[in-house]
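Coordinates from final_25.txt are shown below (compact mmCIF, C-alpha atoms).
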```txt
# COMPACT_ATOMS: atom_id res chain seq x y z
CA MET A 48 216.35 143.17 87.09
CA ILE A 49 215.56 140.31 89.46
CA SER A 50 217.16 140.36 92.87
CA VAL A 51 216.87 138.35 96.08
CA ARG A 52 217.57 139.59 99.61
CA GLY A 53 216.59 136.91 102.11
CA GLY A 54 213.06 136.64 100.82
CA GLU A 55 211.03 136.35 97.62
CA PRO A 56 212.65 137.70 94.41
CA THR A 57 211.14 140.77 92.81
CA ARG A 58 211.77 142.62 89.54
CA SER A 59 212.00 145.99 91.26
CA GLY A 60 214.92 144.96 93.42
CA GLU A 61 212.81 144.93 96.62
CA THR A 62 212.18 141.85 98.68
CA VAL A 63 208.62 140.90 99.61
CA ARG A 64 208.69 138.69 102.63
CA PRO A 65 205.86 136.17 103.04
CA TYR A 66 203.26 136.94 105.68
CA ARG A 67 204.17 134.78 108.66
CA GLY A 68 200.99 135.20 110.71
CA THR A 69 200.15 131.51 110.34
CA PRO A 70 202.55 128.58 109.96
CA GLU A 71 203.53 127.84 106.37
CA MET A 72 202.11 124.60 104.96
CA ARG A 73 203.52 122.40 102.29
CA GLU A 74 202.55 123.47 98.79
CA PRO A 75 200.11 120.56 98.04
CA TYR A 76 198.15 121.44 101.16
CA ARG A 77 198.19 125.14 100.27
CA ILE A 78 196.85 124.34 96.79
CA ALA A 79 194.12 122.14 98.27
CA GLY A 80 193.23 124.89 100.75
CA LEU A 81 193.03 127.41 97.92
CA TRP A 82 190.57 125.25 96.00
CA VAL A 83 188.48 124.67 99.11
CA ARG A 84 188.23 128.44 99.53
CA VAL A 85 187.18 128.85 95.91
CA LEU A 86 184.50 126.16 96.22
CA LEU A 87 183.07 127.58 99.46
CA LEU A 88 183.12 131.09 98.00
CA VAL A 89 181.24 130.04 94.85
CA VAL A 90 178.54 128.30 96.91
CA LEU A 91 178.12 131.31 99.21
CA LEU A 92 177.98 133.81 96.33
CA TRP A 93 175.37 131.68 94.58
CA GLY A 94 173.28 131.51 97.77
CA ALA A 95 173.64 135.24 98.36
CA LEU A 96 172.55 136.03 94.79
CA VAL A 97 169.45 133.81 95.00
CA THR A 98 168.51 135.29 98.38
CA LEU A 99 169.02 138.84 97.08
CA LEU A 100 166.84 138.25 94.03
CA SER A 101 164.12 136.71 96.18
CA ALA A 102 164.09 139.91 98.25
CA VAL A 103 163.64 142.20 95.21
CA PRO A 104 161.15 140.36 92.97
CA ARG A 105 159.34 141.69 89.92
CA GLU A 106 155.76 142.83 90.30
CA ARG A 107 153.05 140.47 89.04
CA ASP A 108 149.46 139.73 90.06
CA LEU A 109 147.67 136.82 91.68
CA ALA A 110 146.50 135.48 88.32
CA ASP A 111 150.14 135.01 87.26
CA LEU A 112 150.87 133.05 90.42
CA ARG A 113 147.87 130.77 89.93
CA ALA A 114 148.72 130.23 86.26
CA GLY A 115 152.28 129.29 87.19
CA LEU A 116 151.06 126.89 89.87
CA ASP A 117 148.59 125.26 87.49
CA ALA A 118 151.33 124.82 84.88
CA GLY A 119 153.78 123.37 87.41
CA ARG A 120 156.34 126.11 86.76
CA VAL A 121 156.54 127.41 90.34
CA ILE A 122 159.27 125.80 92.46
CA TYR A 123 159.29 127.98 95.60
CA VAL A 124 156.75 130.20 97.37
CA ILE A 125 157.39 132.63 100.24
CA TYR A 126 154.41 134.27 101.94
CA SER A 127 154.01 137.11 104.44
CA GLU A 128 150.99 137.38 106.72
CA ASN A 129 149.31 140.53 107.97
CA GLY A 130 149.69 139.41 111.55
CA ASP A 131 146.04 140.04 112.40
CA GLY A 132 145.44 136.40 113.37
CA ARG A 133 143.05 135.72 110.47
CA GLY A 134 145.70 134.22 108.20
CA GLU A 135 145.33 136.86 105.48
CA LEU A 136 148.45 137.29 103.38
CA ARG A 137 150.11 140.63 102.77
CA GLU A 138 152.48 139.41 100.07
CA VAL A 139 153.39 136.29 98.11
CA ARG A 140 156.72 135.81 96.33
CA TRP A 141 157.38 132.90 94.01
CA SER A 142 160.13 131.52 91.83
CA THR A 143 160.03 129.70 88.51
CA ALA A 144 163.83 129.20 88.59
CA PRO A 145 166.40 130.09 91.25
CA LEU A 146 167.21 133.45 89.65
CA PHE A 147 163.68 134.47 88.59
CA TRP A 148 161.40 135.84 91.32
CA TYR A 149 158.00 137.54 91.22
CA ARG A 150 155.64 139.13 93.73
CA ALA A 151 151.92 139.72 94.17
CA GLN A 152 150.63 141.73 97.12
CA ALA A 153 147.46 143.11 98.68
CA PRO A 154 144.97 144.52 97.87
CA TRP A 155 143.83 141.30 96.24
CA PRO A 156 141.38 141.05 93.29
CA ASP A 157 137.71 141.69 94.16
CA ASP A 158 138.83 142.76 97.66
CA LEU A 159 138.68 139.11 98.76
CA PRO A 160 141.24 138.14 101.40
CA TYR A 161 143.91 135.78 100.15
CA THR A 162 144.80 133.48 103.02
CA LYS A 163 147.41 130.81 103.60
CA ALA A 164 144.66 128.18 103.28
CA ARG A 165 143.77 129.46 99.80
CA LEU A 166 147.45 129.55 98.83
CA VAL A 167 147.89 125.94 99.93
CA ALA A 168 144.79 124.94 97.98
CA ASP A 169 146.14 126.69 94.88
CA ALA A 170 149.58 125.12 95.19
CA ALA A 171 148.77 121.52 96.17
CA PRO A 172 146.79 119.61 98.77
CA ASP A 173 150.05 118.68 100.47
CA ILE A 174 152.88 121.21 100.20
CA ALA A 175 156.43 119.88 100.08
CA ASP A 176 158.50 120.22 103.24
CA ALA A 177 161.12 122.96 102.90
CA ASP A 178 163.74 120.67 104.44
CA ALA A 179 163.00 117.65 102.23
CA PHE A 180 165.88 116.18 100.28
CA VAL A 181 163.75 114.11 97.91
CA PRO A 182 162.87 115.92 94.66
CA ASP A 183 159.18 116.84 94.55
CA PRO A 184 157.26 118.42 91.66
CA ARG A 185 155.24 120.54 94.07
CA PRO A 186 156.54 123.95 95.17
CA VAL A 187 158.12 124.50 98.56
CA LEU A 188 156.09 126.87 100.72
CA ARG A 189 157.45 128.78 103.71
CA ARG A 190 156.83 131.90 105.74
CA ALA A 191 159.02 134.94 105.04
CA VAL A 192 161.85 135.57 107.49
CA ALA A 193 164.17 138.54 107.89
CA VAL A 194 167.39 137.64 106.06
CA HIS A 195 169.41 139.75 108.53
CA GLY A 196 168.36 137.47 111.38
CA ASN A 197 166.71 138.13 114.72
CA GLY A 198 169.98 138.18 116.70
CA ILE A 199 173.53 138.98 115.74
CA PHE A 200 173.84 135.99 113.42
CA PRO A 201 172.59 136.41 109.84
CA ALA A 202 169.66 134.29 108.68
CA TRP A 203 170.27 134.34 104.92
CA PRO A 204 172.80 131.45 104.79
CA PHE A 205 170.20 129.21 106.43
CA VAL A 206 167.10 130.15 104.39
CA VAL A 207 168.32 130.27 100.79
CA PRO A 208 165.09 129.75 98.79
CA VAL A 209 166.09 126.85 96.54
CA PRO A 210 164.45 123.44 96.97
CA HIS A 211 166.51 120.54 98.29
CA VAL A 212 170.02 122.02 97.88
CA SER A 213 169.96 125.12 100.12
CA TRP A 214 171.80 123.07 102.77
CA MET A 215 174.99 123.50 100.73
CA VAL A 216 175.03 127.23 101.51
CA THR A 217 174.47 126.52 105.20
CA VAL A 218 177.39 124.06 105.22
CA ALA A 219 179.62 126.52 103.34
CA TRP A 220 178.87 129.35 105.81
CA ILE A 221 179.51 127.14 108.84
CA ALA A 222 182.73 125.84 107.26
CA ALA A 223 183.96 129.39 106.63
CA PHE A 224 183.11 130.36 110.22
CA VAL A 225 185.00 127.36 111.61
CA ILE A 226 188.02 128.14 109.39
CA MET A 227 187.98 131.74 110.65
CA ILE A 228 187.85 130.65 114.31
CA GLY A 229 190.68 128.20 113.67
CA THR A 230 192.94 130.78 111.97
CA GLU A 231 195.46 131.84 114.60
CA ARG A 232 196.41 135.25 113.19
CA PRO A 233 194.35 136.45 110.21
CA ARG A 234 196.02 139.05 108.01
CA LEU A 235 193.44 141.87 107.76
CA GLY A 236 192.13 141.79 111.32
CA ASN A 237 191.97 139.67 114.43
CA ARG A 238 189.35 137.00 115.05
CA TRP A 239 187.07 139.39 116.94
CA ALA A 240 187.02 141.75 113.98
CA TRP A 241 186.12 138.90 111.65
CA PHE A 242 183.51 137.61 114.13
CA TRP A 243 181.63 140.92 113.92
CA LEU A 244 181.88 140.93 110.12
CA PHE A 245 180.53 137.37 110.00
CA THR A 246 177.57 138.25 112.25
CA ILE A 247 176.50 141.88 112.28
CA GLY A 248 178.23 142.68 109.00
CA GLN A 249 176.57 139.80 107.10
CA ILE A 250 179.39 139.62 104.51
CA GLY A 251 182.17 138.23 106.70
CA ALA A 252 182.10 134.70 105.26
CA VAL A 253 182.45 135.93 101.68
CA ALA A 254 185.09 138.54 102.59
CA PHE A 255 187.12 136.08 104.67
CA LEU A 256 187.24 133.45 101.94
CA LEU A 257 188.19 136.13 99.44
CA CYS A 258 190.94 137.76 101.51
CA GLU A 259 192.37 135.38 104.13
CA PRO A 260 195.06 134.29 104.74
CA ARG A 261 196.03 136.01 101.49
CA SER A 262 193.92 137.57 98.78
CA LEU A 263 192.42 134.88 96.56
CA TRP A 264 193.54 136.65 93.39
CA ARG A 265 197.14 136.44 94.61
CA GLY A 266 197.01 132.64 94.57
CA LEU A 267 199.94 131.22 96.55
CA ALA A 268 202.06 134.36 96.25
CA PRO A 269 203.28 135.93 99.51
CA GLN A 270 201.41 138.96 100.79
CA ALA A 271 202.19 141.32 103.65
CA PRO A 272 199.53 142.38 106.18
CA PRO A 273 198.11 145.93 105.99
CA PRO A 274 199.72 148.64 108.16
CA LEU A 275 196.72 148.77 110.55
CA PRO A 276 194.87 145.44 110.78
CA LEU A 277 191.40 145.67 112.28
CA GLY A 278 190.97 145.05 115.98
CA GLY A 279 187.75 143.99 117.63
CA GLY A 280 186.47 147.55 118.17
CA ARG A 281 187.16 148.81 114.65
CA GLY A 282 185.87 145.53 113.26
CA CYS A 283 182.56 146.01 115.07
CA VAL A 284 182.24 149.59 113.78
CA THR A 285 183.05 148.42 110.25
CA ALA A 286 180.43 145.67 110.53
CA LEU A 287 177.79 148.20 111.65
CA CYS A 288 178.65 150.46 108.70
CA VAL A 289 178.41 147.53 106.29
CA GLN A 290 175.05 146.52 107.78
CA PHE A 291 173.77 150.08 107.25
CA LEU A 292 174.81 150.00 103.58
CA ILE A 293 173.32 146.56 102.81
CA PRO A 294 169.72 147.76 102.11
CA PHE A 295 171.00 150.27 99.55
CA SER A 296 173.18 147.61 97.93
CA VAL A 297 170.26 145.17 97.79
CA TYR A 298 168.02 147.78 96.16
CA GLY A 299 170.67 148.64 93.57
CA ALA A 300 171.35 145.00 92.78
CA GLY A 301 167.61 144.38 92.55
CA VAL A 302 167.41 146.98 89.80
CA VAL A 303 170.54 145.97 87.88
CA VAL A 304 170.62 142.15 88.10
CA PRO A 305 167.11 141.40 86.72
CA GLY A 306 167.81 143.66 83.75
CA LEU A 307 171.12 141.88 83.15
CA LEU A 308 169.36 138.51 83.32
CA ASP A 309 166.88 139.73 80.70
CA VAL A 310 169.75 140.66 78.40
CA LEU A 311 171.49 137.30 78.91
CA THR A 312 168.40 135.12 78.53
CA GLY A 313 166.80 137.06 75.68
CA PRO A 314 163.11 137.83 75.18
```
What would you get if you wrote out this structure as structure tokens?
Amino acid sequence: MISVRGGEPTRSGETVRPYRGTPEMREPYRIAGLWVRVLLLVVLLWGALVTLLSAVPRERDLADLRAGLDAGRVIYVIYSENGDGRGELREVRWSTAPLFWYRAQAPWPDDLPYTKARLVADAAPDIADADAFVPDPRPVLRRAVAVHGNGIFPAWPFVVPVPHVSWMVTVAWIAAFVIMIGTERPRLGNRWAWFWLFTIGQIGAVAFLLCEPRSLWRGLAPQAPPPLPLGGGRGCVTALCVQFLIPFSVYGAGVVVPGLLDVLTGP
């Protein structure tokens, strides 16, 4: 039986009042906002997936890298140096498509040092700039960076290893951060809690777009806040716990996702 008591009608006879933490907007604006959230979320999830797969590549050898470079199949190369000042590389990761990543690492064949200069010579006389917007048949080459960032802000939204279009992920992350700062009273926690999840927790942008101001899967339906929304202190602790779990999640995804891609793409 449908009943109404000063709020939204329900079939159970109970009234679910809309969450009033933020001023209600007209329905066309709410629909537009919902689609903006979906678009930003898709871009961020795509960037996160590419970054994750680049961090857990499949093992190959130097001959495979050189063959791919000679054939023009390699689109992106990330290298790590030993840090001894001689330019010798510890590891090279490369991509033949955004979701397919491979790795070769020392010791190198014949015990010969593989340096950045030799990598550049193998790839092209003039490597494409990682920030270029003009399509280039040569692979992009850049030094490896820690995706968790050097400070409290994550690095992964700003270094997604895809030529020429990685800026979209950067814009999506910044847009989500601005939307969070501009939300007067988020539903699941205050702005300090979300700030820590955006920064230390790494996943704040994705979680915010998915859950605020109402869960994305609820559409435009009203939704009440939880009994104990996160404050700044509990939000910081939650972000630290999430950061601790990220390496295990990355390792698990690195095992599962490549196998799933093999199934989907065939032999």
Original post:
By how many Å are CA of Ala170 in chain A and CA of Trp141 in chain A apart?
Top reply: 11.1 Å
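Comparing A:Leu136, A:Val187, A:Val289, A:Cys258 by their smallest distance to Ser213 in chain A, the closest is A:Val187 (using only C-alpha atoms).
Of the listed residues A:Ala219, A:Leu109, A:Val206, A:Ile78, the one whose atoms come nearest to Pro156 in chain A is A:Leu109, with distances taken using all atoms listed in the file.
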Original post:
In Å to one decimal, how far is CA of Leu159 in chain A from CA of Leu188 in chain A?
Top reply: 21.4 Å
Subject >> Atomic separation - CA of Ala164 in chain A relative to CA of Thr143 in chain A, Å >> reply: 21.4 Å
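Comparing A:Thr230, A:Thr246, A:Thr162, A:Gln270 by their smallest distance to Arg133 in chain A, the closest is A:Thr162 (using only C-alpha atoms).
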**OP:** Determine, counting only C-alpha atoms, which protein, DNA and RNA residues have an atom within 12 Å of an atom of Phe242 in chain A; residues of the same chain fewer than 5 positions away are not included. Present the result as an MDAnalysis selection string.
**Re:** chainID A and resid 199:201 223:230 233 236:237 247:252 254:255 277:283 285:286
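In this comparison, which uses all atoms listed in the file, the residue of A:Ala202, A:Leu244, A:Leu87, A:Ala114 approaching Met215 in chain A most closely is A:Leu87.
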With 6 Å of padding per side, what axis-aligned box (centre and edge lengths, Å, one decimal) covers all the listed atoms of range 218-222 of chain A? Give it as JSON.
```
{"center_x": 180.1, "center_y": 126.7, "center_z": 106.1, "size_x": 17.3, "size_y": 17.3, "size_z": 17.5}
```
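Among A:Leu88, A:Val302, A:Leu112, A:Leu81, the residue with the shortest atom-to-atom distance to Val218 in chain A, counting all atoms listed in the file, is A:Leu88.
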**OP:** Could you give me, as number ranges by chain, the residues that have an atom at most 10 Å away from the point (163.7, 131.0, 89.8) in the coordinates of the file, using only C-alpha atoms?
**Re:** A: 97, 100-101, 120-123, 141-149, 208-209
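Residues lying within 12 Å of Gly266 in chain A, counting all atoms listed in the file and ignoring same-chain neighbours fewer than 6 positions away, are Glu74, Arg77, Ile78, Ala79, Gly80, Leu81, Trp82, Arg84, Val85, Leu257, Cys258, Glu259 and Pro260 of chain A.
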Is it possible to add all heavy atoms to range 153-164 of chain A and hand it back as a tab-separated table (two decimals), in the coordinates of the input?
```tsv
chain	number	residue	atom	x	y	z
A	153	ALA	N	148.76	142.49	98.43
A	153	ALA	CA	147.46	143.11	98.68
A	153	ALA	C	147.51	144.58	98.23
A	153	ALA	O	148.58	145.20	98.23
A	153	ALA	CB	147.12	143.00	100.16
A	154	PRO	N	146.32	145.12	97.82
A	154	PRO	CA	144.97	144.52	97.87
A	154	PRO	C	144.78	143.47	96.78
A	154	PRO	O	145.28	143.62	95.67
A	154	PRO	CB	144.06	145.72	97.67
A	154	PRO	CG	144.88	146.70	96.86
A	154	PRO	CD	146.29	146.51	97.35
A	155	TRP	N	144.05	142.42	97.14
A	155	TRP	CA	143.83	141.30	96.24
A	155	TRP	C	142.63	141.56	95.34
A	155	TRP	O	141.79	142.42	95.65
A	155	TRP	CB	143.62	140.01	97.03
A	155	TRP	CG	144.74	139.74	97.99
A	155	TRP	CD1	144.71	139.84	99.34
A	155	TRP	CD2	146.08	139.37	97.65
A	155	TRP	NE1	145.94	139.54	99.89
A	155	TRP	CE2	146.80	139.25	98.87
A	155	TRP	CE3	146.75	139.12	96.45
A	155	TRP	CZ2	148.14	138.90	98.91
A	155	TRP	CZ3	148.08	138.76	96.51
A	155	TRP	CH2	148.77	138.65	97.70
A	156	PRO	N	142.50	140.84	94.21
A	156	PRO	CA	141.38	141.05	93.29
A	156	PRO	C	140.03	140.88	94.00
A	156	PRO	O	139.86	140.01	94.87
A	156	PRO	CB	141.58	139.97	92.23
A	156	PRO	CG	143.04	139.66	92.28
A	156	PRO	CD	143.44	139.82	93.71
A	157	ASP	N	139.08	141.73	93.62
A	157	ASP	CA	137.71	141.69	94.16
A	157	ASP	C	137.67	141.92	95.66
A	157	ASP	O	136.66	141.60	96.33
A	157	ASP	CB	137.03	140.34	93.85
A	157	ASP	CG	137.01	140.04	92.35
A	157	ASP	OD1	136.82	141.00	91.57
A	157	ASP	OD2	137.20	138.87	91.98
A	158	ASP	N	138.76	142.47	96.22
A	158	ASP	CA	138.83	142.76	97.66
A	158	ASP	C	138.60	141.53	98.53
A	158	ASP	O	138.22	141.64	99.70
A	158	ASP	CB	137.80	143.85	98.04
A	158	ASP	CG	138.14	145.19	97.41
A	158	ASP	OD1	139.35	145.47	97.27
A	158	ASP	OD2	137.22	145.92	97.04
A	159	LEU	N	138.83	140.34	97.97
A	159	LEU	CA	138.68	139.11	98.76
A	159	LEU	C	140.01	138.80	99.45
A	159	LEU	O	141.06	138.90	98.83
A	159	LEU	CB	138.28	137.94	97.87
A	159	LEU	CG	136.89	138.03	97.22
A	159	LEU	CD1	136.67	136.85	96.29
A	159	LEU	CD2	135.80	138.07	98.29
A	160	PRO	N	139.98	138.45	100.72
A	160	PRO	CA	141.24	138.14	101.40
A	160	PRO	C	141.88	136.88	100.84
A	160	PRO	O	141.19	135.90	100.57
A	160	PRO	CB	140.80	137.94	102.86
A	160	PRO	CG	139.35	137.57	102.79
A	160	PRO	CD	138.81	138.31	101.61
A	161	TYR	N	143.17	136.96	100.61
A	161	TYR	CA	143.91	135.78	100.15
A	161	TYR	C	144.65	135.24	101.35
A	161	TYR	O	145.56	135.88	101.90
A	161	TYR	CB	144.88	136.16	99.03
A	161	TYR	CG	145.44	134.97	98.28
A	161	TYR	CD1	144.60	134.10	97.61
A	161	TYR	CD2	146.81	134.73	98.24
A	161	TYR	CE1	145.10	133.01	96.91
A	161	TYR	CE2	147.32	133.64	97.53
A	161	TYR	CZ	146.45	132.78	96.88
A	161	TYR	OH	146.95	131.70	96.19
A	162	THR	N	144.28	134.06	101.79
A	162	THR	CA	144.80	133.48	103.02
A	162	THR	C	145.79	132.36	102.71
A	162	THR	O	145.90	131.89	101.57
A	162	THR	CB	143.66	132.91	103.87
A	162	THR	OG1	143.02	131.85	103.14
A	162	THR	CG2	142.63	134.00	104.19
A	163	LYS	N	146.48	131.92	103.76
A	163	LYS	CA	147.41	130.81	103.60
A	163	LYS	C	146.65	129.55	103.15
A	163	LYS	O	147.15	128.78	102.33
A	163	LYS	CB	148.14	130.54	104.90
A	163	LYS	CG	149.12	129.38	104.80
A	163	LYS	CD	149.79	129.07	106.13
A	163	LYS	CE	150.68	127.84	106.03
A	163	LYS	NZ	151.32	127.49	107.32
A	164	ALA	N	145.45	129.35	103.67
A	164	ALA	CA	144.66	128.18	103.28
A	164	ALA	C	144.36	128.19	101.79
A	164	ALA	O	144.44	127.16	101.11
A	164	ALA	CB	143.38	128.12	104.09
```
